[in-house]
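This is structure-v7.txt. It holds compact mmCIF, C-alpha atoms.
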# COMPACT_ATOMS: atom_id res chain seq x y z
CA MET A 1 -11.49 -7.98 13.15
CA PRO A 2 -9.32 -10.93 14.15
CA GLU A 3 -7.39 -10.97 17.39
CA PRO A 4 -3.62 -11.65 17.48
CA GLN A 5 -2.79 -15.36 17.06
CA ALA A 6 -6.36 -16.04 15.84
CA LEU A 7 -7.19 -18.19 12.84
CA ILE A 8 -8.54 -16.49 9.73
CA ARG A 9 -12.27 -17.14 9.61
CA THR A 10 -12.92 -17.65 5.90
CA LEU A 11 -16.14 -17.66 3.87
CA ILE A 12 -16.51 -18.93 0.29
CA VAL A 13 -19.21 -17.21 -1.80
CA GLU A 14 -19.36 -19.04 -5.13
CA ASP A 15 -22.28 -20.43 -7.14
CA GLU A 16 -20.31 -23.27 -8.78
CA PRO A 17 -20.11 -26.36 -6.50
CA HIS A 18 -16.90 -27.65 -8.11
CA MET A 19 -15.15 -24.31 -7.49
CA ARG A 20 -16.25 -24.27 -3.84
CA ARG A 21 -14.85 -27.78 -3.51
CA TYR A 22 -11.62 -26.79 -5.29
CA LEU A 23 -11.09 -23.85 -2.94
CA ARG A 24 -11.75 -26.02 0.11
CA GLU A 25 -9.18 -28.55 -1.11
CA LEU A 26 -6.52 -25.91 -1.78
CA LEU A 27 -7.11 -24.27 1.60
CA ALA A 28 -7.23 -27.52 3.57
CA ASP A 29 -3.48 -27.57 4.29
CA GLU A 30 -3.32 -23.93 5.39
CA GLU A 31 -3.16 -24.03 9.19
CA GLN A 32 -4.11 -20.37 9.58
CA ILE A 33 -7.36 -20.79 7.61
CA VAL A 34 -10.64 -22.07 9.02
CA ILE A 35 -13.59 -22.19 6.63
CA VAL A 36 -16.64 -21.09 8.60
CA GLY A 37 -19.20 -21.28 5.80
CA GLU A 38 -20.14 -21.32 2.15
CA ALA A 39 -22.75 -19.52 0.07
CA SER A 40 -23.99 -20.32 -3.43
CA SER A 41 -25.50 -16.91 -4.25
CA GLY A 42 -24.90 -13.25 -3.56
CA SER A 43 -27.93 -12.87 -1.31
CA GLU A 44 -26.92 -15.92 0.72
CA GLY A 45 -23.42 -14.44 0.92
CA VAL A 46 -24.81 -11.22 2.44
CA ASP A 47 -26.62 -13.25 5.11
CA GLN A 48 -23.53 -15.35 5.86
CA ILE A 49 -21.25 -12.33 6.19
CA ARG A 50 -23.65 -10.69 8.63
CA LYS A 51 -24.16 -13.90 10.58
CA LEU A 52 -20.61 -15.32 10.65
CA SER A 53 -18.45 -12.14 10.62
CA PRO A 54 -15.63 -13.71 8.61
CA HIS A 55 -12.19 -12.12 8.38
CA LEU A 56 -11.72 -13.13 4.73
CA VAL A 57 -14.14 -13.83 1.87
CA PHE A 58 -13.46 -15.56 -1.44
CA LEU A 59 -16.05 -13.91 -3.65
CA ASP A 60 -17.28 -14.81 -7.13
CA ILE A 61 -18.53 -11.98 -9.34
CA GLN A 62 -21.24 -13.46 -11.58
CA MET A 63 -23.80 -15.21 -9.36
CA PRO A 64 -27.59 -15.59 -9.11
CA GLU A 65 -29.71 -12.90 -7.40
CA LEU A 66 -26.81 -10.60 -6.47
CA ASP A 67 -23.43 -10.48 -8.16
CA GLY A 68 -20.22 -9.88 -6.21
CA PHE A 69 -20.35 -6.10 -6.63
CA ASP A 70 -24.01 -6.01 -5.55
CA LEU A 71 -23.04 -7.98 -2.45
CA ILE A 72 -20.37 -5.42 -1.58
CA ALA A 73 -22.88 -2.61 -2.09
CA LYS A 74 -25.34 -4.36 0.26
CA ILE A 75 -22.76 -4.80 2.99
CA GLY A 76 -21.00 -1.50 2.32
CA VAL A 77 -17.33 -1.12 1.34
CA ALA A 78 -16.42 0.16 4.80
CA GLU A 79 -18.09 -2.83 6.49
CA MET A 80 -16.81 -5.54 4.14
CA PRO A 81 -14.35 -8.11 5.47
CA ALA A 82 -11.14 -8.47 3.48
CA PHE A 83 -12.11 -10.16 0.21
CA ILE A 84 -10.51 -11.80 -2.81
CA PHE A 85 -12.43 -11.93 -6.07
CA VAL A 86 -12.54 -15.31 -7.80
CA THR A 87 -13.85 -15.07 -11.36
CA ALA A 88 -13.50 -16.28 -14.93
CA TYR A 89 -13.82 -12.73 -16.25
CA SER A 90 -10.74 -10.51 -16.45
CA GLU A 91 -12.63 -7.38 -17.50
CA TYR A 92 -13.73 -6.57 -13.93
CA ALA A 93 -10.17 -6.15 -12.61
CA ILE A 94 -10.15 -2.34 -12.58
CA ARG A 95 -13.56 -2.18 -10.91
CA ALA A 96 -12.35 -4.71 -8.32
CA PHE A 97 -9.41 -2.44 -7.52
CA GLU A 98 -11.81 0.48 -7.02
CA VAL A 99 -13.79 -1.39 -4.32
CA GLU A 100 -10.54 -2.33 -2.53
CA ALA A 101 -10.33 -6.04 -3.29
CA ILE A 102 -7.25 -7.70 -1.79
CA ASP A 103 -6.64 -9.62 -5.01
CA TYR A 104 -8.28 -10.77 -8.24
CA LEU A 105 -8.00 -14.48 -9.02
CA CYS A 106 -8.85 -15.39 -12.61
CA LYS A 107 -10.04 -18.95 -13.15
CA PRO A 108 -8.34 -21.32 -13.66
CA PHE A 109 -5.66 -20.77 -11.02
CA ASP A 110 -3.34 -23.12 -9.13
CA ARG A 111 -2.30 -23.46 -5.51
CA ASP A 112 0.74 -21.21 -5.89
CA ARG A 113 -1.40 -18.36 -7.19
CA LEU A 114 -3.90 -18.87 -4.37
CA LEU A 115 -1.12 -18.82 -1.76
CA ALA A 116 0.14 -15.53 -3.18
CA SER A 117 -3.34 -14.10 -2.59
CA LEU A 118 -3.38 -15.48 0.94
CA ASP A 119 -0.06 -13.77 1.65
CA ARG A 120 -1.56 -10.47 0.54
CA ALA A 121 -4.60 -11.04 2.73
CA MET A 122 -2.40 -11.86 5.72
CA ARG A 123 -0.40 -8.65 5.27
CA HIS A 124 -3.62 -6.67 4.97
CA LEU A 125 -5.07 -8.18 8.16
CA ARG A 126 -1.84 -7.67 10.10
CA LEU A 127 -1.60 -4.04 9.07
CA ARG A 128 -5.24 -3.25 9.73
CA SER A 129 -5.67 -5.04 13.04
CA GLY A 130 -2.38 -6.36 14.41
CA PHE A 131 -3.32 -9.88 13.33
CA VAL A 132 -0.56 -12.48 13.37
CA GLY A 133 -1.34 -15.95 12.07
CA PRO A 134 0.08 -19.16 13.54
CA GLU A 135 3.01 -19.15 11.10
CA LYS A 136 3.41 -15.38 10.86
CA ASP A 137 5.47 -14.05 13.74
CA LYS A 138 7.47 -11.33 12.02
CA ALA A 139 6.69 -7.64 12.24
CA PRO A 140 4.69 -6.08 9.40
CA ASP A 141 7.65 -3.99 8.27
CA SER A 142 10.24 -6.76 8.35
CA SER A 143 10.39 -7.14 4.57
CA GLU A 144 10.47 -4.65 1.76
CA ASP A 145 8.12 -6.95 -0.14
CA GLU A 146 5.33 -5.95 2.25
CA TRP A 147 5.01 -2.46 0.77
CA LEU A 148 3.99 -0.90 -2.52
CA SER A 149 6.77 0.32 -4.79
CA ARG A 150 4.26 1.83 -7.21
CA VAL A 151 0.66 3.01 -6.81
CA ALA A 152 -1.75 2.03 -9.59
CA VAL A 153 -4.06 4.86 -10.68
CA HIS A 154 -6.95 4.28 -13.07
CA GLU A 155 -7.24 7.13 -15.60
CA GLU A 156 -9.32 7.66 -18.74
CA ASP A 157 -6.67 6.30 -21.09
CA GLY A 158 -5.61 3.37 -18.91
CA ILE A 159 -3.69 2.67 -15.71
CA VAL A 160 -0.77 4.81 -14.59
CA PHE A 161 1.78 3.36 -12.16
CA VAL A 162 3.15 6.07 -9.86
CA PRO A 163 6.54 5.23 -8.25
CA VAL A 164 6.40 5.93 -4.52
CA GLU A 165 9.75 7.74 -4.65
CA ARG A 166 8.11 10.42 -6.82
CA ILE A 167 5.27 11.06 -4.37
CA LEU A 168 5.48 14.28 -2.33
CA TRP A 169 2.24 14.05 -0.40
CA ILE A 170 -1.20 12.42 -0.52
CA GLU A 171 -4.46 13.98 0.60
CA ALA A 172 -7.89 12.46 1.16
CA ALA A 173 -10.91 13.72 -0.78
CA ASN A 174 -14.05 11.77 0.21
CA LYS A 175 -13.76 8.34 -1.49
CA TYR A 176 -10.68 9.43 -3.43
CA VAL A 177 -7.07 10.26 -2.71
CA VAL A 178 -5.12 12.99 -4.49
CA ILE A 179 -1.51 11.94 -5.08
CA HIS A 180 0.88 14.85 -5.57
CA THR A 181 4.16 13.96 -7.29
CA THR A 182 7.19 15.86 -8.53
CA GLY A 183 5.59 16.17 -11.97
CA ARG A 184 1.83 16.13 -11.66
CA THR A 185 -1.24 15.22 -9.62
CA HIS A 186 -3.14 11.92 -9.81
CA ILE A 187 -6.62 11.12 -8.46
CA ALA A 188 -7.26 7.54 -7.35
CA ARG A 189 -10.55 6.02 -6.24
CA GLN A 190 -9.60 4.50 -2.89
CA THR A 191 -9.54 5.56 0.72
CA MET A 192 -6.59 7.10 2.50
CA GLN A 193 -6.71 4.35 5.13
CA SER A 194 -6.52 1.51 2.61
CA LEU A 195 -3.62 3.14 0.77
CA GLU A 196 -1.68 4.00 3.94
CA THR A 197 -1.71 0.36 5.09
CA ARG A 198 0.20 -0.59 1.92
CA LEU A 199 2.83 2.16 2.07
CA ASP A 200 6.07 1.70 4.03
CA PRO A 201 5.81 3.65 7.33
CA LYS A 202 9.58 4.18 7.11
CA GLN A 203 8.90 6.33 4.05
CA PHE A 204 5.53 7.97 4.85
CA VAL A 205 4.10 9.75 7.88
CA ARG A 206 0.75 11.36 8.69
CA ILE A 207 0.73 15.07 9.45
CA HIS A 208 -3.05 15.45 9.40
CA ARG A 209 -6.09 13.19 9.42
CA SER A 210 -6.33 13.67 5.66
CA ILE A 211 -2.66 14.22 4.68
CA LEU A 212 0.20 11.75 4.34
CA VAL A 213 3.68 12.96 3.35
CA ARG A 214 6.77 11.16 2.12
CA LYS A 215 9.52 11.76 4.67
CA ALA A 216 12.22 12.30 2.05
CA ALA A 217 10.13 15.13 0.56
CA VAL A 218 10.14 17.10 3.84
CA ARG A 219 12.70 19.94 3.80
CA GLY A 220 11.93 21.35 7.24
CA LEU A 221 9.43 22.97 9.59
CA HIS A 222 8.34 26.56 10.08
CA PRO A 223 7.05 27.36 13.60
CA LEU A 224 3.73 29.18 13.98
CA PHE A 225 1.98 30.47 17.09
CA HIS A 226 0.99 28.25 20.04
CA GLY A 227 3.25 25.36 19.07
CA ASP A 228 1.83 24.87 15.57
CA TYR A 229 4.07 24.18 12.57
CA LEU A 230 4.07 24.32 8.80
CA VAL A 231 5.70 21.35 7.08
CA LYS A 232 7.81 22.59 4.17
CA LEU A 233 8.37 20.24 1.25
CA ASN A 234 11.23 20.24 -1.23
CA ASN A 235 9.08 21.76 -3.98
CA GLY A 236 8.05 24.72 -1.80
CA THR A 237 4.65 23.38 -0.74
CA GLU A 238 3.66 24.20 2.85
CA LEU A 239 1.26 21.96 4.77
CA LYS A 240 0.00 22.45 8.31
CA LEU A 241 1.03 19.88 10.90
CA SER A 242 -2.06 18.92 12.90
CA ARG A 243 -1.65 18.96 16.70
CA ASN A 244 -3.17 15.47 16.83
CA PHE A 245 -0.31 14.12 14.71
CA ARG A 246 2.51 16.33 15.99
CA GLU A 247 3.97 13.81 18.47
CA LEU A 248 3.79 10.98 15.93
CA PHE A 249 5.46 13.17 13.30
CA PHE A 250 8.43 14.05 15.50
CA LYS A 251 8.89 10.41 16.51
CA GLN A 252 8.88 9.11 12.96
CA ILE A 253 10.38 11.82 10.76
CA SER A 254 14.02 10.88 11.46
CA ARG A 255 13.56 7.11 11.41

With the file now loaded, output its structure as structure tokens.
Amino acid sequence: MPEPQALIRTLIVEDEPHMRRYLRELLADEEQIVIVGEASSGSEGVDQIRKLSPHLVFLDIQMPELDGFDLIAKIGVAEMPAFIFVTAYSEYAIRAFEVEAIDYLCKPFDRDRLLASLDRAMRHLRLRSGFVGPEKDKAPDSSEDEWLSRVAVHEEDGIVFVPVERILWIEAANKYVVIHTTGRTHIARQTMQSLETRLDPKQFVRIHRSILVRKAAVRGLHPLFHGDYLVKLNNGTELKLSRNFRELFFKQISR
């Protein structure tokens, strides 16, 4: 992962030469971006990612040999750098969300749309690794625009947008998260870590390795033996406060 004040090492994986050139031209004026390589196929992209260790990848979906999703499977979702899909096909958007793409650029797109994607990538890198680009010197929580106001959940009949103010707590379940709200429960295919980096830490706090609670939903604590506690929520739910997160919880709960 990038070090503070480092440039964003960027790789372009795209089989169309004119699109690789277009991306290079749009990125040329971005001082925080350095393009470290290009690949014209999925298999070449796998080799370049392993060889160059980029921070950010612009990734096409339909390519020779391996498509974009095959490339991710080869590298592994957990090992993938931050990536932005670049494609002419809108029908892969939900699947892209499931593999934790930073953004989904549909061709054709302009510079403003690309810069919006770069802003998302910068926030993601700052939150995950403390990265601060040459023109980014503010703290990650300095703007409300940094954080999700709604969580998108893919369900059988479409996508449900869950307002964060309705969330009580979130728990991890392998490659999924279970989002408990005031009205119902939602299951989303993403990791706890990836979701936590996009939720405002002023509103959410960890109480366990696999449990994240919304601070406003916490009614109080019930002491147990040996310094352990139960966290009581407004709806009556009781969740155990892990000793590993106890100090963090008490520091953050009143902020």

Exercise for review: Select, from A:Ile75, A:Val213, A:Val86, A:Ala96, the residue with the minimum atom-to-atom distance to A:Arg50, counting all atoms listed in the file.
Suggested key: A:Ile75

Review point. Do you know which residues lie at most 12 Å from (-5.5, 13.3, -8.5), with coordinates as in the file and only C-alpha atoms counted, and could you write them as a PyMOL selection string?
Key: chain A and resi 152-155+160+162+167+169-173+175-181+183-190

Compile the contact shell of A:Phe204 as a PDB file with C-alpha atoms, in the frame of the given file: residues with an atom at most 10 Å away, counting only C-alpha atoms, same-chain residues fewer than 2 positions apart removed.
ATOM      1  CA  VAL A 164       6.400   5.930  -4.520  1.00  0.00           C
ATOM      2  CA  ILE A 167       5.270  11.060  -4.370  1.00  0.00           C
ATOM      3  CA  LEU A 168       5.480  14.280  -2.330  1.00  0.00           C
ATOM      4  CA  TRP A 169       2.240  14.050  -0.400  1.00  0.00           C
ATOM      5  CA  ILE A 170      -1.200  12.420  -0.520  1.00  0.00           C
ATOM      6  CA  GLU A 196      -1.680   4.000   3.940  1.00  0.00           C
ATOM      7  CA  LEU A 199       2.830   2.160   2.070  1.00  0.00           C
ATOM      8  CA  ASP A 200       6.070   1.700   4.030  1.00  0.00           C
ATOM      9  CA  PRO A 201       5.810   3.650   7.330  1.00  0.00           C
ATOM     10  CA  LYS A 202       9.580   4.180   7.110  1.00  0.00           C
ATOM     11  CA  ARG A 206       0.750  11.360   8.690  1.00  0.00           C
ATOM     12  CA  ILE A 207       0.730  15.070   9.450  1.00  0.00           C
ATOM     13  CA  LEU A 212       0.200  11.750   4.340  1.00  0.00           C
ATOM     14  CA  VAL A 213       3.680  12.960   3.350  1.00  0.00           C
ATOM     15  CA  ARG A 214       6.770  11.160   2.120  1.00  0.00           C
ATOM     16  CA  LYS A 215       9.520  11.760   4.670  1.00  0.00           C
ATOM     17  CA  ALA A 216      12.220  12.300   2.050  1.00  0.00           C
ATOM     18  CA  ALA A 217      10.130  15.130   0.560  1.00  0.00           C
ATOM     19  CA  PHE A 249       5.460  13.170  13.300  1.00  0.00           C
ATOM     20  CA  GLN A 252       8.880   9.110  12.960  1.00  0.00           C
ATOM     21  CA  ILE A 253      10.380  11.820  10.760  1.00  0.00           C
TER      22      ILE A 253
END

Point to revise | Residue neighbourhood stretch 103-116 of chain A, 6 Å, all atoms listed in the file, exclusion window fewer than 6 positions, as a ChimeraX atom specification | key: /A:84-88

Study note, to complete from the structure: From the list A:Glu98, A:Glu14, A:Glu38, A:Glu30, the nearest residue to A:Pro64 using all atoms listed in the file is A:Glu14

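If you look at atom CA of A:Thr197 and atom CA of A:Thr182, they are 22.5 Å away from each other.
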
Review point. What is the distance, in Å and to one decimal place, between atom CA of A:Ile159 and atom CA of A:Gly76?
Key: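 Distance between the two atoms: 25.3 Å.
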
Axis-aligned box over every listed atom of stretch 34-42 of chain A, padded by 4 Å per side: centre and edges in Å to one decimal, as JSON?
{"center_x": -18.1, "center_y": -17.7, "center_z": 2.4, "size_x": 22.9, "size_y": 16.9, "size_z": 21.3}

Review point. When distances are computed from only C-alpha atoms, which of A:Ala39, A:Asn235, A:Arg9, A:Asp47 shows the smallest separation from A:Arg21?
Key: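 Smallest separation from A:Arg21 among the options: A:Ala39.
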
**Study point:** Nearby residues, (4.5, 20.5, 4.2) file frame, 9 Å, all atoms listed in the file, as a VMD selection string
**Key:** chain A and resid 169 207 213 217 to 221 230 to 234 236 to 241

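Of note, atom CA of A:Arg198 and atom CA of A:Val13 are spaced 25.8 Å apart.
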
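Nearest to A:Arg126 of all the residues A:Ile8, A:Leu148, A:Leu195, A:Val36 is A:Ile8, counting only C-alpha atoms.
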
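Here the question is which of A:Glu25, A:Asp157, A:Glu16, A:Glu100 gets nearest to A:Pro81 using all atoms listed in the file, and that residue is A:Glu100.
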
Practice item. Give me the residues within 8 Å of A:Arg243 as a list in words, counting all atoms listed in the file and dropping any in the same chain fewer than 3 places off. Key: Asp228, Arg246 and Glu247 of chain A

Complete stretch 197-218 of chain A with N, CA and C atoms (output as an mmCIF file, in the coordinates of the input).
data_model
loop_
_atom_site.group_PDB
_atom_site.id
_atom_site.type_symbol
_atom_site.label_atom_id
_atom_site.label_comp_id
_atom_site.auth_asym_id
_atom_site.auth_seq_id
_atom_site.Cartn_x
_atom_site.Cartn_y
_atom_site.Cartn_z
ATOM 1 N N THR A 197 -2.112 1.667 4.580
ATOM 2 C CA THR A 197 -1.710 0.360 5.090
ATOM 3 C C THR A 197 -0.763 -0.370 4.154
ATOM 4 N N ARG A 198 -0.671 0.071 2.890
ATOM 5 C CA ARG A 198 0.200 -0.590 1.920
ATOM 6 C C ARG A 198 1.452 0.218 1.585
ATOM 7 N N LEU A 199 1.630 1.350 2.268
ATOM 8 C CA LEU A 199 2.830 2.160 2.070
ATOM 9 C C LEU A 199 3.762 2.002 3.268
ATOM 10 N N ASP A 200 5.052 1.933 2.996
ATOM 11 C CA ASP A 200 6.070 1.700 4.030
ATOM 12 C C ASP A 200 6.069 2.859 5.033
ATOM 13 N N PRO A 201 5.793 2.590 6.324
ATOM 14 C CA PRO A 201 5.810 3.650 7.330
ATOM 15 C C PRO A 201 7.194 4.251 7.550
ATOM 16 N N LYS A 202 8.237 3.588 7.053
ATOM 17 C CA LYS A 202 9.580 4.180 7.110
ATOM 18 C C LYS A 202 9.724 5.292 6.075
ATOM 19 N N GLN A 203 8.821 5.317 5.092
ATOM 20 C CA GLN A 203 8.900 6.330 4.050
ATOM 21 C C GLN A 203 7.804 7.393 4.165
ATOM 22 N N PHE A 204 6.669 7.057 4.801
ATOM 23 C CA PHE A 204 5.530 7.970 4.850
ATOM 24 C C PHE A 204 5.082 8.206 6.285
ATOM 25 N N VAL A 205 4.580 9.414 6.547
ATOM 26 C CA VAL A 205 4.100 9.750 7.880
ATOM 27 C C VAL A 205 2.894 10.664 7.756
ATOM 28 N N ARG A 206 1.938 10.488 8.646
ATOM 29 C CA ARG A 206 0.750 11.360 8.690
ATOM 30 C C ARG A 206 1.114 12.684 9.356
ATOM 31 N N ILE A 207 0.614 13.772 8.776
ATOM 32 C CA ILE A 207 0.730 15.070 9.450
ATOM 33 C C ILE A 207 -0.651 15.648 9.741
ATOM 34 N N HIS A 208 -1.672 14.989 9.237
ATOM 35 C CA HIS A 208 -3.050 15.450 9.400
ATOM 36 C C HIS A 208 -3.941 14.252 9.149
ATOM 37 N N ARG A 209 -5.155 14.297 9.644
ATOM 38 C CA ARG A 209 -6.090 13.190 9.420
ATOM 39 C C ARG A 209 -6.249 12.875 7.934
ATOM 40 N N SER A 210 -6.106 13.868 7.085
ATOM 41 C CA SER A 210 -6.330 13.670 5.660
ATOM 42 C C SER A 210 -5.080 13.898 4.813
ATOM 43 N N ILE A 211 -3.888 13.966 5.446
ATOM 44 C CA ILE A 211 -2.660 14.220 4.680
ATOM 45 C C ILE A 211 -1.548 13.280 5.122
ATOM 46 N N LEU A 212 -0.927 12.657 4.135
ATOM 47 C CA LEU A 212 0.200 11.750 4.340
ATOM 48 C C LEU A 212 1.359 12.289 3.504
ATOM 49 N N VAL A 213 2.539 12.441 4.094
ATOM 50 C CA VAL A 213 3.680 12.960 3.350
ATOM 51 C C VAL A 213 4.790 11.928 3.287
ATOM 52 N N ARG A 214 5.579 11.995 2.199
ATOM 53 C CA ARG A 214 6.770 11.160 2.120
ATOM 54 C C ARG A 214 7.891 11.858 2.869
ATOM 55 N N LYS A 215 8.520 11.149 3.787
ATOM 56 C CA LYS A 215 9.520 11.760 4.670
ATOM 57 C C LYS A 215 10.652 12.420 3.893
ATOM 58 N N ALA A 216 11.092 11.770 2.819
ATOM 59 C CA ALA A 216 12.220 12.300 2.050
ATOM 60 C C ALA A 216 11.867 13.602 1.343
ATOM 61 N N ALA A 217 10.561 13.902 1.218
ATOM 62 C CA ALA A 217 10.130 15.130 0.560
ATOM 63 C C ALA A 217 10.057 16.308 1.531
ATOM 64 N N VAL A 218 10.235 16.042 2.827
ATOM 65 C CA VAL A 218 10.140 17.100 3.840
ATOM 66 C C VAL A 218 11.483 17.818 3.955
#
